[in-house]
Each structure stands twice: as C-alpha cells, then as structure tokens.
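Contents: one structure, followed by commentary.
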Amino acid sequence: MLKNREELIRLREECRAAAETQKRKILVCTGTGCVSAGSLNIYDRLVELLKERGIPCEVELKKDPHDGSVRVTKGGCPGFCEIGPLLRVEPEGWLYTRVKVADVEEIIEKTIVHGELIERLAYHDAAGKVYAKKNDIPFYRKQQRVVLEHCGEIDSDSILEYLSVGGYTAFEKALFEMTPDQIVSEVSESGLRGRGGGGFPTGRKWSQVQRQAATPKYIVCNGDEGDPGAFMDRSVMEDDPHRMIEGMMIAGVACGASEGYIYVRAEYPVAVKKLNKAIETATALGLLGDNILGTDFSFHLRVNKGAGAFVCGEGSALTASIEGKRGMPRTKPPRTVEQGLFGKPTVLNNVETFANVPGIIEKGAGWFQSIGTETSTGTKAFALTGNIVNTGLIEVPMGTTLREVVFDIGGGMRDGAQFKAVQIGGPSGGCLTQEHLDMPLDFDSLKKIGAIIGSGGLVVMDDRTCMIEVARFFMKFTQSESCGKCVPCREGTKRMLEILERIVAGRGEDGDIEMLLELADTISTTALCGLGKTAASPVVSTIKNFREEYEAHIYEKRCPTHHCKALRSIYIDPALCKGCSKCARNCPVNAISGEVRKPFTIDQSKCIKCGACLEGCSFKAVKEA
Amino acid sequence: MDQNLDYGKVNAILEAHGRRESDLIAIMQEIQAEYRYLPKELLSHVAEGLGVSVARIYSVATFYENFSLEPKGKFVIRVCDGTACHVRHSLPILERLRSELGLSEKKITTDDLTFTVQTVACLGACGLAPAMTVNDKVYPSMSPDKASALLKELKESL
C-alpha cells in the first residue's frame with residue numbers, strides 16, 4: 001500500500017531499475033489473435049525449456065532480479081494479427097512471426113544463448129526482403145504509436161510493468177502539482193477531441209461537468225465498441241488497461257468525481273477480465289480507493305459488462321444500461337454532462353480518449369498539438385481490415401492520407417485485386433473511394449464529404465465487393481440494433497432495408513434510389529439519437545459514389561461484381577470439370593450431381609447460389625455468368 | 001417450484017449484489033452463466049428478491065441480445081458476421097453449420113441441447129476474419145470445411 005507520493009516515486013524507480021537489469025526479454029503476444037493461433041503453448045514451452053536448460057528466467061517483473069536472467073513476458077497485441085503468433089526479442093527489437101511450438105528450442109539455442117537472429121522467422125515482405133526489427137517493417141515504420149505505445153510491449157496484468165515505463169506519472173502530477181482548472185485547461189489547450197465518433201472537444205466537456213453544482217459526479221468510460229470492424233478500444237483495454245484507468249482518474253481529479261464506471265461490451269470477455277485485474281492491483285497498491293497517496297482524493301472504479309445492444313454506445317442509453325435498465329436513448333437536453341448517470345453530472349468519454357489523457361498531462365498540451373493537424377490534434381488508432389494484405393491495429397497522426405494507410409501500411413490489396421473503397425466509421429459512416437485516396441484523415445476533412453472517423457474502423461474493399469450489398473449489410477445491422485423507441489429509426493430503417501433487399505434480390509424498381517434518399521433525409525433529420533441520425537449514411541454515401549451500380553441492379557438486373565446471389569447463375573464448364581465430386585460434397589443443398597470422373601452439373605432449381613462450389617474447385621471449372 | 005432450479009444459488013447472487021436494482025443486468029448475467037439461459041421461474045424470484053415488478057425484469061431480459069429465455073446448447077457457436085468477416089465470406093460458414101446441424105435462423109438450438117448456432121455482429125477479431133467462437137474460444141480464419149471438422153471434433157468430445 002503506497003501511503004504517499006514519495007513511496008510511489010520510489011516504487012516506480014525500483015521497477016524501472018529492475019526492467020533495466022533484465023535486458024534480455026522475450027515477449028510472447030497473448031492477444032486474441034495469437035492466442036487462437038496457439039501462442040500460450042509457445043509461452044509454456046519457452047518457460048519449460050528454459051528451466052530444463054537451467055537458464056535463469058523470470059515470468060514477472062520483480063525487484064532486484066537475477067542479473068543476466070531472461071524475462072519471458074505475456075505481452076499484449078502489437079497489432080499485426082495477420083502473421084501471428086508473434087514473438088518479440090529484446091533488446092534487439094526483433095520480431096518473429098508465425099512462431100510454432102517446434103521453433104522454441106531453436107529460439108533458445110540460437111537467439112537466447114547465442115544472440116543470433118533466426119532469419120526464417122523474421123518478417124519477409126512480398127518480394128522476399130527480410131526485416132529483422134519490428135520497427136523497420138513497413139507496417140510499423142509509417143505509424144506513430146502514442147495511445148498504443150505499450151500495446152505488445154508490457155505485460156498488461158502487471159501494474160509494476162506499467163510503473164516501469166513511467167505509469168501513473170501523469171496522475172501523480174495532476175494530483176500534486178495541478179489545480180482542477182489547470183488540468184482542464186491543459187486538456188482543452190491540447191485540442192483533444194472525443195475519439196468515439198463525434199469529435200467533441202474533451203476539455204470543453206470536462207469544464208462543463210466541473211461547473212455543475214450537483215453531486216456526486218461520475219466518470220464513465222464507454223468501452224462499448226460495437227461498430228463491426230473496429231477493435232482499437234479492445235486492444236487498449238486488454239493490453240494497456242492502466243493507461244485508460246489513469247486517464248479516468250485524472251478526469252476524476254479535474255471534475256471532483258470519486259466514482260467511475262467502465263462499460264464494456266459482453267463480446268470482450270478478455271477485456272473485462274484484464275480491467276478487473278487492473279482495478280484489483282491498483283486498489284491493492286492504494287492508487288484506487290479512499291484517500292489516495294495520503295490526499296483527500298478518493299476514486300472507486302467498477303466494470304459493467306454490457307449484454308449485447310449496439311445502441312448502448314450512445315451516451316444516454318449507456319448510462320441507462322449501467323443503471324440496470326433497457327438501454328434506450330432519451331431526448332436531450334438535459335445532456336449527459338448535466339444529468340447523466342443516476343441523473344448526476346457525468347463525464348462520458350471513450351477508451352481511446354481517456355488513454356490520450358496521461359500523455360497530455362505528462363508531456364503538455366504543446367507536445368500533443370505538435371502531432372496531427374491544426375484542428376484534429378494527436379493520433380488516431382484505426383482497425384485496418386478487409387481485403388488488404390496487412391490487417392491489424394494501426395495508429396497514425398491525424399491527417400495521414402488514406403493512400404498511406406491502405407498502401408504503405410496496409411500493403412495494398414490482396415490477391416492482386418483493385419482498390420475500390422474503404423468503409424470508414426462503420427454503420428454510421430460512409431465510404432471513401434479512389435478520389436479520396438489523397439485526402440487527409442481528420443475530423444473536418446471527413447465531415448465535409450459526409451463521412452466520419454467514427455470509432456476508427458477501416459474496412460478495405462476491393463473491386464469484387466458489391467456496394468449495394470455493403471449498404472444492405474450495414475442497414476440490416478442498424479435496423480436490427482434499432483431500439484425501437486422513435487418512429488423514424490424503427491420504421492424508416494426497416495423500409496430502407498426492405499428496398500435494399502429487393503434490389504439485391506433482383507426486384508429493384510424505378511424510383512427506389514429516390515425513395516432511399518428521401519427516407520434517408522427524413523430519418524437523419526428526425527431520429528432521436530446518433531444511431532438513427534447516421535443510420536442512412538452508408539446508403540447515401542454508396543449512392544453518391546456508386547450510383548451506376550445501383551442502376552445496374554435495378555434497371556439491368558445485373559450485379560457488376562457478380563456478388564449478388566440472386567443476380568448470378570453458377571454453372572460447371574464441362575470442358576474443365578474432372579468429375580472429382582468435391583463441389584457436390586461442398587454443396588449445402590445437394591444441387592450438384594454427376595458421375596465420378598465425368599463432368600458434373602448444377603440443378604438450377606435447387607441452387608441457392610451460395611458459391612461454396614466456386615471456392616472449392618481446384619480446376620476452376622465452376623464459373624459464374 | 002421447479003426441482004432442478006437452485007434458488008439458494010440465486011439468492012447468493014442477489015446477496016452478493018446487495019439486492020441492488022441497478023445491478024439487474026449483472027445479476028441476470030450470472031444466472032445465465034449458471035443455466036445457459038434465464039429460466040422463467042427464476043426471473044419471478046429475482047423480481048421478488050429485488051422488490052420490483054416482473055415486467056421490469058422482462059423489459060431488460062428481452063431487450064438485450066445476450067439474454068435468452070430459451071435453453072441453449074452445451075456448445076454455443078457464434079459465427080462472426082461483422083464487416084471484416086462478412087467481406088471475407090462468413091456466410092457460407094454459417095450455412096454449412098446450420099445445414100449440418102439441421103438448424104436455421106429461427107431454430108438455433110439442436111433438440112438434444114448440444115449445439116446453438118448464432119451470428120454475432122463483431123467479435124473484434126477482425127484481423128482473423130472470418131472468425132467464430134465456441135463458448136468464447138476464438139477460432140480464426142475459418143472456412144466451411146474447417147467448420148465441419150470442428151463440429152466433428154466437438155461431437156467426439158462429448
């Protein structure tokens with residue numbers, strides 16, 4: 001239990017010194033991706049073999065470690081899930097990719113004992129060039145990691161590791177050296193804007209809560225990262241939970257709040273576990289609880305697990321859910337800053353926003369302003385996914401162009417396909433096309449063209465993707481997540497979805513496009529909350545950028561990308577078919593029949609056009625017309 | 001009263017939450033973790049225990065996707081149909097699982113209560129697309145064939 005500031009400083013120094021002593025460090029990624037690829041087995045094997053060979057190793061950061069011992073750490077996710085399981089070798093900074101249990105012996109012998117690089121395990125680009133160091137890999141070189149700086153670098157279960165990299169320095173500064181007003185003005189001056197979607201200035205939000213007379217006040221963290229295709233916040237919560245907690249504590253000092261809630265979606269069980277562990281260890285150290293570090297500041301935190309409702313990402317729905325009610329938004333005003341959780345003044349920010357705060361307090365507003373653009377300061381984490389070579393978690397300064405993200409960091413399109421569009425901001429966002437490739441990604445540039453940064457999902461689509469299907473997909477999502485409280489969203493999204501379903505089913509009619517746009521206009525101006533207001537954005541944006549695709553579906557009954565099942569017909573080319581029967585076995589509805597070693601045929605009346613036969617054929621005999 | 005339901009356990013859960021109404025969601029999550037669904041009899045018991053109406057309990061139980069008033073299978077398979085998985089063809093995987101288990105969009109659990117097949121909007125495992133989970137264990141880069149093999153493995157593990 002730390003009783004005062006000096007004790008915290010001393011402990012931090014001890015942790016730092018211990019980390020310095022152990023230069024040789026092996027970090028095994030234990031993010032969701034690498035774990036599912038077997039990284040925990042690699043970790044176990046590594047520890048087991050080191051012990052067998054009598055090489056001193058520690059699995060935790062301890063005070064006064066054995067000099068020259070190896071530390072084997074469960075590090076979080078460095079974000080390059082595509083090539084996992086990942087293993088990092090320090091002090092060299094090497095990154096080993098696609099590591100298998102069978103490689104562990106060689107890693108110990110060559111790398112740990114003799115300090116040699118195993119080239120086979122290093123990253124190879126498409127041309128075969130070898131990159132030994134993680135930070136030399138093109139995927140990482142163009143990134144600037146601020147919020148994600150510790151993700152994959154420290155063991156997130158260990159508060160001592162967080163302290164060893166300077167953890168809770170900002171909180172300490174805020175608590176002992178700054179007045180609440182100074183904290184708020186530092187955050188305001190930094191230009192930090194909410195990373196959850198809207199981009200509202202964080203400092204202004206804090207000062208509004210600070211001014212409220214009502215007590216108690218609450219600090220709430222929105223970890224309900226529901227946008228399909230986005231997982232930045234999950235990584236922060238899993239891999240650097242203390243950073244976010246520190247941000248919440250600073251907000252508590254600034255606004256005079258002594259209670260905080262973290263609302264995490266149920267689909268992130270690991271994040272819930274890690275956050276609870278972080279709260280437990282911080283409480284045990286006396287960084288959370290009553291009279292922290294001997295001051296009169298108290299702060300208690302608890303984690304609330306969501307129960308599967310996308311709309312709970314909306315502020316008033318989220319607070320209703322924490323109160324144990326249906327997560328439905330209410331009319332505003334009063335706003336959350338005035339009457340939020342339990343009807344009291346509430347600071348509600350998302351995970352990435354809070355995670356930005358310690359850096360601003362520690363290094364100053366000027367440092368933060370020096371990153372990004374004038375009106376969008378700092379960095380933004382994006383989840384880069386879809387039909388792109390390098391998928392994963394990235395962080396770049398605000399204002400980085402889409403081209404740099406997709407081609408330099410993302411490595412371009414998969415399988416030699418052509419770039420078509422990027423869906424940004426999930427179901428509330430829009431699509432960016434070829435013409436937007438050189439546009440800077442920041443709040444204001446995106447707003448101008450009807451898109452938003454949103455929470456930061458970037459789904460890259462190639463020329464085989466049907467944009468009407470993408471619009472339908474998002475509308476289906478929003479429609480099923482509509483809470484049903486207001487008519488425009490409840491009924492309007494349903495009608496829009498019906499029209500889109502008709503179009504992809506080959507039953508589009510003249511006037512559909514106009515009707516979609518009219519409905520979109522009505523819903524966005526009259527819906528109650530953000531979910532409804534932005535529900536139509538993907539449709540409006542795809543009509544704007546790909547109107548000719550809509551027209552092809554409606555007037556020519558043709559899907560230019562051959563994606564829409566109803567508009568395609570699948571047949572087997574008798575000249576190429578070897579009669580292997582694989583397609584017949586893959587067919588879920590038994591529509592394919594034939595005699596082995598003779599060409600097979602598809603019964604069009606049974607075929608559901610799912611394409612399972614297409615993907616499985618080794619002879620490219622299954623074709624689409 | 002149903003003999004198979006352990007009211008003592010529910011009471012313990014209620015106590016652990018200090019019978020606070022605001023903890024309703026957490027309380028039901030814990031009950032569901034125990035039974036894999038929310039048995040009706042227990043919901044009335046929870047209403048009584050918290051001193052609120054049964055309607056209040058149902059309003060929450062029916063609002064959230066994760067609560068189920070129907071029993072679920074021993075293995076709950078959730079196929080991710082988030083954007084990233086969708087564009088990397090998650091639907092054929094779902095179709096394969098459903099056809100092998102005789103399930104559909106409406107009928108999600110097998111009669112022997114072994115398998116439940118559902119979709120989930122996003123698991124946040126987009127780098128591993130298409131992904132699915134079986135009782136929260138993530139299976140990355142799936143295909144219809146891999147899903148079939150996994151089903152076989154699960155059946156054998158019974």
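If you're wondering about the labels, chains in the structure tokens are A, B, ... by order shown, residues count from 1 in each chain, ligands from 1 in order shown.
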Polymer residues at most 9 Å from range 486-495 of chain A, only C-alpha atoms, same-chain spacing of 4 or more positions, as JSON, numbers by chain: {"A": [475, 476, 478, 479, 480, 482, 499, 500, 516, 519, 520, 522, 523, 524, 526, 527, 528, 529, 531, 532, 533, 535, 536]}
Give me, as a tab-separated table, each residue of chain A that comes within 6 Å of chain B, together with its shortest interatomic pair and the distance in Å at one decimal, counting only C-alpha atoms, with rows ordered by chain and rising residue number.
residue	atom	partner	partner_atom	distance
A:Ser36	CA	B:Val138	CA	5.8
A:Cys81	CA	B:Gly127	CA	5.5
A:Glu82	CA	B:Gly127	CA	5.8
A:Pro228	CA	B:Gly82	CA	4.7
A:Gly229	CA	B:Thr83	CA	5.4
A:Phe231	CA	B:Gly124	CA	4.8
A:Glu267	CA	B:Leu123	CA	6.0
A:Ala307	CA	B:Asn66	CA	5.2
A:Gly308	CA	B:Glu65	CA	4.9
A:Ala309	CA	B:Tyr64	CA	5.7
A:Glu323	CA	B:Ser22	CA	4.5
A:Gly324	CA	B:Ser22	CA	4.3
A:Arg326	CA	B:Val60	CA	5.2
A:Thr385	CA	B:Ala84	CA	5.9
A:Gly386	CA	B:Ala84	CA	4.9
A:Thr391	CA	B:Gly127	CA	5.3
A:Gly392	CA	B:Gly127	CA	5.4
If you count only C-alpha atoms, which residues fall within 9 Å of range 96-108 of chain A, apart from same-chain ones fewer than 5 positions away, as a ChimeraX atom specification? /A:37-39,41-43,45-46,49-50,83-89,113-114,116-123,132,134
Non-local contacts of range 275-287 of chain A (6 Å; only C-alpha atoms; under 6 positions in same chain excluded) as a count of residues only: 3
Mind checking DSSP for range 29-116 of chain B and telling me the strand (DSSP E or B) residues as a PyMOL selection string? chain B and resi 75-80+109+115-116
